[in-house]
file query23.txt (compact mmCIF, C-alpha atoms and all ligand atoms)
# COMPACT_ATOMS: atom_id res chain seq x y z
CA MET A 1 -48.64 1.95 16.13
CA LEU A 2 -52.06 3.37 15.36
CA LYS A 3 -55.10 1.24 16.07
CA LEU A 4 -58.83 1.71 15.79
CA LYS A 5 -61.44 0.88 18.42
CA ASP A 6 -65.10 1.94 18.15
CA HIS A 7 -64.18 4.34 15.33
CA ARG A 8 -61.60 6.03 17.55
CA LEU A 9 -57.82 6.00 17.23
CA THR A 10 -55.48 4.76 19.90
CA GLY A 11 -51.70 4.81 19.96
CA THR A 12 -48.71 6.91 20.88
CA GLY A 13 -49.23 10.62 20.39
CA VAL A 14 -52.99 10.28 19.88
CA SER A 15 -55.49 12.33 21.90
CA GLN A 16 -59.24 12.91 21.76
CA GLN A 17 -60.69 16.44 21.88
CA PRO A 18 -64.33 16.11 20.76
CA THR A 19 -65.81 18.80 18.53
CA PRO A 20 -69.48 19.83 18.83
CA ASN A 21 -69.57 20.36 15.04
CA THR A 22 -70.84 17.01 13.82
CA GLY A 23 -73.67 15.79 11.61
CA GLY A 24 -75.43 12.49 11.03
CA ALA A 25 -74.07 8.98 10.78
CA LEU A 26 -71.17 8.39 8.40
CA ARG A 27 -70.27 5.29 6.43
CA PRO A 28 -67.04 6.57 4.89
CA ARG A 29 -66.14 5.83 1.28
CA PHE A 30 -63.42 8.43 0.80
CA LEU A 31 -60.74 10.19 2.72
CA ILE A 32 -60.13 13.89 2.11
CA LEU A 33 -56.88 15.60 3.05
CA HIS A 34 -56.67 19.30 3.94
CA TYR A 35 -54.24 21.85 5.24
CA THR A 36 -55.42 23.92 8.18
CA ALA A 37 -53.93 27.20 6.88
CA GLY A 38 -53.39 27.79 10.60
CA ARG A 39 -50.66 28.90 12.98
CA ASP A 40 -50.23 25.66 14.92
CA LEU A 41 -51.95 22.43 15.98
CA GLU A 42 -53.54 23.91 19.11
CA SER A 43 -55.08 26.94 17.42
CA SER A 44 -56.47 24.80 14.59
CA VAL A 45 -58.01 22.30 17.03
CA ARG A 46 -59.54 25.21 18.97
CA SER A 47 -61.06 26.67 15.85
CA LEU A 48 -62.43 23.30 14.63
CA ASN A 49 -63.90 22.71 18.10
CA THR A 50 -65.66 26.10 18.26
CA ARG A 51 -69.41 25.66 18.37
CA LYS A 52 -71.76 27.35 15.90
CA PRO A 53 -72.39 30.17 15.15
CA GLN A 54 -68.79 31.31 15.77
CA GLY A 55 -67.43 28.02 14.44
CA ASN A 56 -68.48 26.61 11.10
CA ALA A 57 -65.98 23.84 10.39
CA SER A 58 -64.68 20.60 11.82
CA ALA A 59 -62.83 17.48 10.76
CA HIS A 60 -62.21 14.02 12.14
CA VAL A 61 -58.51 14.38 12.79
CA VAL A 62 -55.80 17.05 12.92
CA ILE A 63 -52.18 15.94 12.45
CA GLY A 64 -49.44 18.14 13.90
CA ARG A 65 -46.06 18.90 12.43
CA ASP A 66 -44.50 16.75 15.17
CA GLY A 67 -46.73 13.78 14.26
CA ARG A 68 -49.23 14.23 17.10
CA ILE A 69 -52.77 13.25 16.16
CA VAL A 70 -55.82 14.91 17.68
CA GLN A 71 -59.12 13.19 16.93
CA LEU A 72 -62.14 15.49 17.05
CA ALA A 73 -64.90 13.05 16.10
CA PRO A 74 -65.30 9.27 15.67
CA PHE A 75 -65.14 8.10 12.05
CA SER A 76 -68.79 7.01 12.29
CA VAL A 77 -70.22 10.56 12.34
CA GLN A 78 -70.08 13.33 9.74
CA THR A 79 -67.89 16.39 10.21
CA TRP A 80 -67.81 19.67 8.27
CA HIS A 81 -64.63 19.85 6.22
CA ALA A 82 -65.45 19.55 2.52
CA GLY A 83 -68.15 22.21 2.05
CA VAL A 84 -69.62 22.49 -1.44
CA SER A 85 -67.90 19.58 -3.15
CA GLN A 86 -68.35 16.82 -5.67
CA TRP A 87 -66.61 13.67 -6.80
CA ASN A 88 -67.69 10.98 -9.25
CA GLY A 89 -71.14 12.53 -9.44
CA ILE A 90 -71.57 12.62 -5.65
CA ASN A 91 -72.38 16.03 -4.19
CA GLY A 92 -71.54 17.06 -0.63
CA LEU A 93 -68.60 14.89 0.35
CA ASN A 94 -69.06 15.50 4.09
CA ALA A 95 -71.72 12.78 4.03
CA HIS A 96 -69.26 10.28 2.51
CA ALA A 97 -65.74 11.18 3.61
CA ILE A 98 -63.39 11.23 6.56
CA GLY A 99 -61.65 14.61 6.86
CA ILE A 100 -57.99 14.84 7.87
CA GLU A 101 -56.52 18.28 8.54
CA LEU A 102 -52.74 18.75 8.43
CA ASP A 103 -51.19 21.57 10.45
CA ASN A 104 -49.71 23.68 7.65
CA ALA A 105 -49.86 27.40 6.86
CA GLY A 106 -50.77 26.79 3.22
CA ARG A 107 -49.86 29.27 0.53
CA LEU A 108 -47.31 31.90 1.56
CA HIS A 109 -46.29 35.19 0.03
CA GLN A 110 -42.79 36.53 -0.31
CA GLU A 111 -41.73 39.77 1.40
CA GLY A 112 -38.05 40.33 0.60
CA ASP A 113 -36.35 37.11 1.73
CA ARG A 114 -39.19 36.20 4.09
CA PHE A 115 -42.12 33.91 3.38
CA VAL A 116 -45.21 35.06 5.20
CA ALA A 117 -48.55 33.35 5.90
CA TRP A 118 -51.89 35.12 5.67
CA PHE A 119 -51.91 35.45 9.48
CA GLY A 120 -48.55 37.25 9.49
CA LYS A 121 -46.13 34.54 10.63
CA ALA A 122 -42.88 34.30 8.62
CA TYR A 123 -41.25 30.98 7.68
CA PRO A 124 -37.57 30.35 6.82
CA PRO A 125 -36.70 29.19 3.28
CA ARG A 126 -36.03 25.62 4.48
CA GLU A 127 -39.73 25.36 5.42
CA VAL A 128 -40.88 26.60 2.02
CA VAL A 129 -41.67 24.68 -1.16
CA GLN A 130 -41.74 26.61 -4.44
CA ALA A 131 -44.24 24.85 -6.65
CA ALA A 132 -47.00 25.41 -9.16
CA HIS A 133 -50.43 24.17 -8.15
CA PRO A 134 -51.67 21.69 -10.79
CA HIS A 135 -54.83 23.81 -11.10
CA GLY A 136 -52.79 26.80 -12.27
CA GLY A 137 -51.35 30.01 -10.89
CA GLY A 138 -47.65 29.38 -11.67
CA PRO A 139 -44.86 28.72 -9.13
CA GLN A 140 -45.65 30.05 -5.66
CA PRO A 141 -44.26 29.54 -2.16
CA TRP A 142 -46.08 26.95 0.01
CA HIS A 143 -45.44 25.91 3.59
CA ALA A 144 -43.59 22.57 3.57
CA TYR A 145 -45.03 19.58 5.43
CA SER A 146 -42.70 17.90 7.93
CA GLU A 147 -41.42 14.40 7.23
CA VAL A 148 -42.89 12.90 10.39
CA GLN A 149 -46.23 14.54 9.58
CA ILE A 150 -46.27 12.94 6.12
CA ALA A 151 -45.28 9.56 7.58
CA ARG A 152 -48.09 9.76 10.19
CA THR A 153 -50.58 10.80 7.53
CA LEU A 154 -49.59 7.82 5.40
CA GLU A 155 -49.89 5.46 8.36
CA LEU A 156 -53.34 6.82 9.19
CA CYS A 157 -54.48 6.67 5.56
CA GLU A 158 -53.35 3.04 5.29
CA LEU A 159 -55.21 2.13 8.47
CA LEU A 160 -58.44 3.88 7.46
CA VAL A 161 -58.42 2.55 3.89
CA ALA A 162 -57.96 -0.99 5.23
CA GLN A 163 -60.52 -0.65 8.05
CA TYR A 164 -63.30 1.00 6.08
CA GLY A 165 -62.52 -0.32 2.58
CA LEU A 166 -62.25 3.27 1.31
CA GLN A 167 -62.37 3.80 -2.44
CA ASP A 168 -59.97 6.69 -2.70
CA VAL A 169 -57.74 9.18 -0.94
CA LEU A 170 -58.45 12.69 -2.24
CA GLY A 171 -57.38 16.26 -1.69
CA HIS A 172 -59.88 19.01 -0.88
CA GLU A 173 -58.56 20.57 -4.11
CA ASP A 174 -59.83 17.50 -6.04
CA VAL A 175 -63.41 17.72 -4.77
CA ALA A 176 -63.73 21.52 -4.72
CA ARG A 177 -61.85 22.45 -7.88
CA GLY A 178 -61.41 26.14 -8.46
CA ARG A 179 -62.44 26.89 -4.86
CA LYS A 180 -59.82 25.08 -2.76
CA THR A 181 -56.07 24.52 -3.11
CA ASP A 182 -55.39 22.21 -0.15
CA PRO A 183 -53.39 20.14 0.60
CA GLY A 184 -51.52 21.79 -2.31
CA PRO A 185 -48.38 20.90 -4.25
CA ALA A 186 -46.14 20.71 -1.15
CA PHE A 187 -47.93 17.49 -0.13
CA PRO A 188 -47.00 14.24 -1.99
CA LEU A 189 -50.65 13.28 -2.50
CA THR A 190 -50.10 11.02 -5.53
CA ALA A 191 -47.54 8.95 -3.66
CA VAL A 192 -49.57 8.79 -0.44
CA ARG A 193 -52.72 7.86 -2.36
CA ALA A 194 -50.95 5.07 -4.29
CA ARG A 195 -49.39 3.73 -1.11
CA ALA A 196 -52.54 3.95 0.99
CA LEU A 197 -54.61 2.21 -1.67
CA GLY A 198 -52.11 -0.62 -1.48
CA ARG A 199 -50.55 -0.43 -4.89
CA GLY A 200 -47.03 0.29 -3.69
CA MET A 201 -45.06 3.49 -3.50
CA ASP A 202 -43.13 3.04 -6.71
CA ALA A 203 -45.78 1.28 -8.74
CA ASP A 204 -48.17 3.31 -10.83
CA PRO A 205 -51.73 3.23 -9.61
CA ARG A 206 -53.32 0.57 -11.83
CA TRP A 207 -56.98 0.56 -12.85
CA VAL A 208 -59.05 -1.75 -15.03
CA VAL A 209 -61.90 -1.20 -17.47
CA THR A 210 -65.19 -2.59 -16.07
CA ALA A 211 -67.50 -1.85 -19.06
CA SER A 212 -67.56 -4.38 -21.90
CA ARG A 213 -66.17 -1.67 -24.18
CA LEU A 214 -65.01 1.74 -22.99
CA ASN A 215 -64.30 4.77 -25.15
CA ILE A 216 -61.01 6.57 -24.65
CA ARG A 217 -61.27 10.24 -25.57
CA SER A 218 -59.06 13.24 -26.22
CA GLY A 219 -60.56 15.20 -23.31
CA PRO A 220 -62.58 14.89 -20.09
CA ALA A 221 -66.12 14.91 -21.53
CA ALA A 222 -68.24 12.76 -23.85
CA SER A 223 -68.09 15.57 -26.43
CA PHE A 224 -64.40 14.91 -27.11
CA ASP A 225 -63.23 12.68 -29.96
CA THR A 226 -62.65 9.02 -29.32
CA LEU A 227 -59.04 7.94 -29.80
CA GLY A 228 -59.01 4.71 -31.77
CA PRO A 229 -61.02 1.59 -30.91
CA ALA A 230 -62.83 1.28 -27.56
CA LEU A 231 -61.00 -0.50 -24.73
CA PRO A 232 -62.21 -4.03 -23.95
CA LYS A 233 -63.22 -5.04 -20.42
CA GLY A 234 -60.25 -5.83 -18.19
CA THR A 235 -57.85 -3.50 -20.01
CA GLU A 236 -55.25 -2.27 -17.50
CA LEU A 237 -54.79 1.46 -17.15
CA ILE A 238 -52.42 3.76 -15.30
CA ARG A 239 -54.31 6.72 -13.89
CA LEU A 240 -52.28 9.87 -14.62
CA GLU A 241 -54.81 12.38 -13.36
CA ALA A 242 -58.16 12.04 -11.66
CA GLN A 243 -60.93 14.55 -12.14
CA ASP A 244 -64.46 14.60 -10.79
CA ARG A 245 -65.99 12.40 -13.52
CA TRP A 246 -63.11 11.59 -15.86
CA SER A 247 -59.59 10.23 -15.55
CA HIS A 248 -56.58 10.81 -17.75
CA VAL A 249 -55.11 7.35 -18.30
CA GLU A 250 -52.37 5.52 -20.13
CA VAL A 251 -53.16 2.08 -21.52
CA VAL A 252 -50.76 -0.52 -20.08
CA GLY A 253 -48.85 -2.51 -22.66
CA GLY A 254 -46.39 -0.22 -24.35
CA THR A 255 -48.79 1.02 -27.02
CA ASP A 256 -48.40 4.65 -25.92
CA ARG A 257 -52.18 5.07 -25.97
CA GLU A 258 -53.23 7.84 -23.64
CA GLY A 259 -56.52 9.66 -23.18
CA TRP A 260 -59.56 10.24 -21.00
CA VAL A 261 -62.08 7.69 -19.75
CA SER A 262 -65.23 7.99 -17.63
CA ASN A 263 -64.74 7.15 -13.93
CA ASP A 264 -68.04 5.24 -14.00
CA PHE A 265 -66.45 2.40 -15.97
CA ILE A 266 -63.09 1.89 -14.32
CA ALA A 267 -62.11 0.39 -10.95
CA PRO A 268 -58.88 0.01 -9.00
CA ALA A 269 -56.97 -3.08 -10.14
CA PRO A 270 -56.79 -5.93 -7.62
CA ARG A 271 -54.08 -5.38 -5.04
CA PRO A 272 -50.79 -7.06 -5.94
CA ARG A 273 -49.74 -7.30 -2.29
CA SER A 274 -51.06 -10.09 -0.08
CA ALA A 275 -53.20 -9.19 2.94
CA GLY A 276 -50.39 -10.13 5.32
CA GLU A 277 -48.19 -7.43 3.87
CA THR A 278 -50.69 -4.61 4.36
CA VAL A 279 -49.04 -3.41 7.55
CA LEU A 280 -45.42 -2.59 6.84
CA PRO A 281 -42.66 -2.31 9.42
CA ARG A 282 -42.10 1.25 10.56
CA SER A 283 -38.59 1.32 9.05
CA GLN A 284 -39.97 0.66 5.57
CA ARG A 285 -42.68 3.22 6.09
CA SER A 286 -40.39 6.05 7.00
CA THR A 287 -38.17 5.21 4.02
CA SER A 288 -41.07 5.45 1.65
CA ALA A 289 -42.32 8.61 3.34
CA ALA A 290 -38.88 10.12 2.91
CA ARG A 291 -39.01 9.23 -0.76
CA ALA A 292 -42.48 10.67 -1.00
CA ARG A 293 -41.20 13.80 0.68
CA SER A 294 -38.30 14.12 -1.75
CA ARG A 295 -40.81 14.71 -4.52
CA ALA A 296 -41.59 18.04 -2.92
CA ALA A 297 -38.13 19.15 -1.82
CA PRO A 298 -37.97 22.61 -0.23
CA VAL A 299 -37.32 25.59 -2.51
CA GLN A 300 -37.04 23.66 -5.73
CA PRO A 301 -39.41 23.84 -8.65
CA ALA A 302 -41.80 20.93 -8.23
CA LYS A 303 -41.55 18.43 -11.03
CA ARG A 304 -44.86 17.37 -12.49
CA PRO A 305 -45.16 14.35 -14.74
CA VAL A 306 -45.15 15.40 -18.38
CA SER A 307 -48.52 13.80 -18.88
CA ARG A 308 -50.13 16.11 -16.33
CA ARG A 309 -48.90 19.14 -18.19
CA LYS A 310 -50.20 17.72 -21.43
CA ALA A 311 -53.56 17.12 -19.80
CA THR A 312 -54.04 20.80 -19.08
CA SER A 313 -53.27 21.82 -22.64
CA ILE A 314 -55.82 19.59 -24.34
CA GLN A 315 -57.82 21.51 -26.90
CA LEU A 316 -61.48 21.08 -27.62
CA PRO A 317 -61.81 19.55 -31.09
CA PRO A 318 -63.96 21.23 -33.75
CA LYS A 319 -67.69 20.52 -33.19
CA SER A 320 -68.12 18.81 -36.55
CA ALA A 321 -65.33 16.33 -35.88
CA THR A 322 -66.84 15.59 -32.47
CA ARG A 323 -70.23 14.69 -33.92
CA ARG A 324 -68.80 12.59 -36.72
CA THR A 325 -66.70 10.40 -34.44
CA ALA A 326 -68.98 10.20 -31.41
CA SER A 327 -69.70 6.54 -30.77
CA LYS A 328 -72.87 5.22 -29.16
CA SER A 329 -71.73 1.63 -29.10
CA ALA A 330 -69.31 1.84 -26.16
CA ALA A 331 -69.51 3.29 -22.66
CA GLY A 332 -67.98 6.65 -21.76
ZN ZN B 1 -59.74 21.97 3.07
call {"tool": "encode", "arguments": {"input": "query23.txt", "output": "structure tokens", "more": "lines below"}}
Ligand SMILES: [Zn+2]
result
Amino acid sequence: MLKLKDHRLTGTGVSQQPTPNTGGALRPRFLILHYTAGRDLESSVRSLNTRKPQGNASAHVVIGRDGRIVQLAPFSVQTWHAGVSQWNGINGLNAHAIGIELDNAGRLHQEGDRFVAWFGKAYPPREVVQAAHPHGGGPQPWHAYSEVQIARTLELCELLVAQYGLQDVLGHEDVARGRKTDPGPAFPLTAVRARALGRGMDADPRWVVTASRLNIRSGPAASFDTLGPALPKGTELIRLEAQDRWSHVEVVGGTDREGWVSNDFIAPAPRPRSAGETVLPRSQRSTSAARARSRAAPVQPAKRPVSRRKATSIQLPPKSATRRTASKSAAG
């Protein structure tokens, strides 16, 4: 079982290999997941531990395909994993986030019946996931994550969220949209995020409105039309998609209301589980990880929730309609 002492992990399969690539003090608020796009655990650790000017990146932890965890820096100092990034109006996530790298070759390309990484190594079809990245590009081959790697990642995420009271578990692709594609569609990020934030594997991630009245709009900006009356404080929402400043949500209660709200005026709903249940037995964990894994089964088109597809096809309304319906009386 993983444990934390002085911002360092202990437990079976954990080792410390300090990187020189660290910054100032860190009080983490987020956790950002990455793939290494590397050949194996050792080569990725070597590269992340290479001092400037040859090296220019680091992270707190690298998780191998066999579940080994190498910690490169304590969680109390900054590492260099996010680069130019933003989330919820915060720029430069390295100053606010723990970085976890997963040993994975990333996006592959097909040569005949072989799937080849950018560094030339070929992977068999059983290690390949055919999936479209939610940011576009159509179905492509991606290196699959191993089950034990996903289970270890989940265990670590749960520990870190609980220890540091983290607000969210994000992908590099979320905070560097258009620039980064990791951890990519082969990783069950939605399921891991929901589980790590304590809202249960099968439950939808619930949020609540914190403003007294919150506008719900047809797109992710204040220029989009409002959709019906503003949502009163305490309204429960299911977050379907999170963007930098806006979230695509469904209003709980069977009304079928769905739209975009500003992240500034929503918060995670109180945890339904009691504190004593936070640490689950290993057997339950691996079951849920296996279920999480099944959402990205090898060489099958990845299924995306319908709502996510709808979100990408939202059209900007005509300017005149926008002005007429823009409301100043509610937040967002
Ligand atoms: Zn990354």
call {"tool": "residues_around", "arguments": {"input": "query23.txt", "residues": "region 48-63 of chain A", "least_positions_apart": "6", "cutoff": "9 Å", "atoms": "all atoms listed in the file", "output": "ChimeraX atom specification"}}
result
/A:17-22,36,41,69-75,77-83,98-103,149,152-153
call {"tool": "residues_near_ligand", "arguments": {"input": "query23.txt", "ligand": "ligand ZN 1 (chain B)", "cutoff": "8 Å", "atoms": "only C-alpha atoms and all ligand atoms", "output": "PyMOL selection string"}}
result
chain A and resi 33-36+81-82+101+171-173+180-183
call {"tool": "atom_distance", "arguments": {"input": "query23.txt", "atom1": "CA of Trp260 (chain A)", "atom2": "CA of Ala230 (chain A)"}}
result
11.6 Å
call {"tool": "closest_residue", "arguments": {"input": "query23.txt", "among": "A:Arg179, A:Lys5, A:Lys121, A:Arg257", "to": "Gly228 (chain A)", "atoms": "only C-alpha atoms"}}
result
A:Arg257
call {"tool": "atom_distance", "arguments": {"input": "query23.txt", "atom1": "CA of Arg27 (chain A)", "atom2": "CA of Val161 (chain A)"}}
result
12.4 Å
call {"tool": "atom_distance", "arguments": {"input": "query23.txt", "atom1": "CA of Arg177 (chain A)", "atom2": "CA of Ala117 (chain A)"}}
result
22.0 Å
call {"tool": "closest_residue", "arguments": {"input": "query23.txt", "among": "A:Ala176, A:Ala37, A:Ala162, A:Ala211", "to": "Ala144 (chain A)", "atoms": "all atoms listed in the file"}}
result
A:Ala37
call {"tool": "closest_residue", "arguments": {"input": "query23.txt", "among": "A:Gly11, A:Pro270, A:Gly112, A:Gly219", "to": "Leu197 (chain A)", "atoms": "all atoms listed in the file"}}
result
A:Pro270
call {"tool": "residues_around", "arguments": {"input": "query23.txt", "residues": "region 237-245 of chain A", "least_positions_apart": "2", "cutoff": "6 Å", "atoms": "only C-alpha atoms", "output": "PyMOL selection string"}}
result
chain A and resi 87-88+205-208+247-252+263
call {"tool": "closest_residue", "arguments": {"input": "query23.txt", "among": "A:Thr255, A:Thr226, A:Gln140, A:Ser47", "to": "Ala186 (chain A)", "atoms": "only C-alpha atoms"}}
result
A:Gln140
call {"tool": "closest_residue", "arguments": {"input": "query23.txt", "among": "A:Gly253, A:Gly64, A:Gly178, A:Gly259", "to": "Ile216 (chain A)", "atoms": "all atoms listed in the file"}}
result
A:Gly259
call {"tool": "closest_residue", "arguments": {"input": "query23.txt", "among": "A:Gln16, A:Asn104, A:Ser85, A:Asn94", "to": "Ser44 (chain A)", "atoms": "only C-alpha atoms"}}
result
A:Asn104
call {"tool": "build_atoms", "arguments": {"input": "query23.txt", "residues": "region 232-247 of chain A", "atoms": "N, CA and C atoms", "output": "PDB file, in the coordinates of the input"}}
result
ATOM      1  N   PRO A 232     -61.418  -2.897 -24.454  1.00  0.00           N
ATOM      2  CA  PRO A 232     -62.210  -4.030 -23.950  1.00  0.00           C
ATOM      3  C   PRO A 232     -62.140  -4.142 -22.425  1.00  0.00           C
ATOM      4  N   LYS A 233     -63.156  -4.797 -21.863  1.00  0.00           N
ATOM      5  CA  LYS A 233     -63.220  -5.040 -20.420  1.00  0.00           C
ATOM      6  C   LYS A 233     -61.933  -5.690 -19.926  1.00  0.00           C
ATOM      7  N   GLY A 234     -61.448  -5.241 -18.764  1.00  0.00           N
ATOM      8  CA  GLY A 234     -60.250  -5.830 -18.190  1.00  0.00           C
ATOM      9  C   GLY A 234     -58.960  -5.156 -18.614  1.00  0.00           C
ATOM     10  N   THR A 235     -59.051  -4.213 -19.583  1.00  0.00           N
ATOM     11  CA  THR A 235     -57.850  -3.500 -20.010  1.00  0.00           C
ATOM     12  C   THR A 235     -57.229  -2.777 -18.813  1.00  0.00           C
ATOM     13  N   GLU A 236     -55.932  -2.932 -18.624  1.00  0.00           N
ATOM     14  CA  GLU A 236     -55.250  -2.270 -17.500  1.00  0.00           C
ATOM     15  C   GLU A 236     -54.860  -0.859 -17.877  1.00  0.00           C
ATOM     16  N   LEU A 237     -55.073   0.043 -16.922  1.00  0.00           N
ATOM     17  CA  LEU A 237     -54.790   1.460 -17.150  1.00  0.00           C
ATOM     18  C   LEU A 237     -53.921   2.002 -16.017  1.00  0.00           C
ATOM     19  N   ILE A 238     -53.115   2.995 -16.332  1.00  0.00           N
ATOM     20  CA  ILE A 238     -52.420   3.760 -15.300  1.00  0.00           C
ATOM     21  C   ILE A 238     -53.111   5.109 -15.211  1.00  0.00           C
ATOM     22  N   ARG A 239     -53.594   5.455 -14.040  1.00  0.00           N
ATOM     23  CA  ARG A 239     -54.310   6.720 -13.890  1.00  0.00           C
ATOM     24  C   ARG A 239     -53.287   7.848 -13.702  1.00  0.00           C
ATOM     25  N   LEU A 240     -53.239   8.773 -14.663  1.00  0.00           N
ATOM     26  CA  LEU A 240     -52.280   9.870 -14.620  1.00  0.00           C
ATOM     27  C   LEU A 240     -52.857  11.074 -13.889  1.00  0.00           C
ATOM     28  N   GLU A 241     -54.153  11.268 -14.048  1.00  0.00           N
ATOM     29  CA  GLU A 241     -54.810  12.380 -13.360  1.00  0.00           C
ATOM     30  C   GLU A 241     -56.269  12.024 -13.166  1.00  0.00           C
ATOM     31  N   ALA A 242     -56.759  12.306 -11.954  1.00  0.00           N
ATOM     32  CA  ALA A 242     -58.160  12.040 -11.660  1.00  0.00           C
ATOM     33  C   ALA A 242     -58.921  13.341 -11.589  1.00  0.00           C
ATOM     34  N   GLN A 243     -60.031  13.419 -12.306  1.00  0.00           N
ATOM     35  CA  GLN A 243     -60.930  14.550 -12.140  1.00  0.00           C
ATOM     36  C   GLN A 243     -62.253  14.027 -11.578  1.00  0.00           C
ATOM     37  N   ASP A 244     -63.189  14.943 -11.403  1.00  0.00           N
ATOM     38  CA  ASP A 244     -64.460  14.600 -10.790  1.00  0.00           C
ATOM     39  C   ASP A 244     -65.123  13.401 -11.486  1.00  0.00           C
ATOM     40  N   ARG A 245     -65.280  13.474 -12.822  1.00  0.00           N
ATOM     41  CA  ARG A 245     -65.990  12.400 -13.520  1.00  0.00           C
ATOM     42  C   ARG A 245     -65.115  11.642 -14.514  1.00  0.00           C
ATOM     43  N   TRP A 246     -63.953  12.172 -14.824  1.00  0.00           N
ATOM     44  CA  TRP A 246     -63.110  11.590 -15.860  1.00  0.00           C
ATOM     45  C   TRP A 246     -61.689  11.419 -15.333  1.00  0.00           C
ATOM     46  N   SER A 247     -60.992  10.439 -15.902  1.00  0.00           N
ATOM     47  CA  SER A 247     -59.590  10.230 -15.550  1.00  0.00           C
ATOM     48  C   SER A 247     -58.740  10.228 -16.805  1.00  0.00           C
TER      49      SER A 247
END
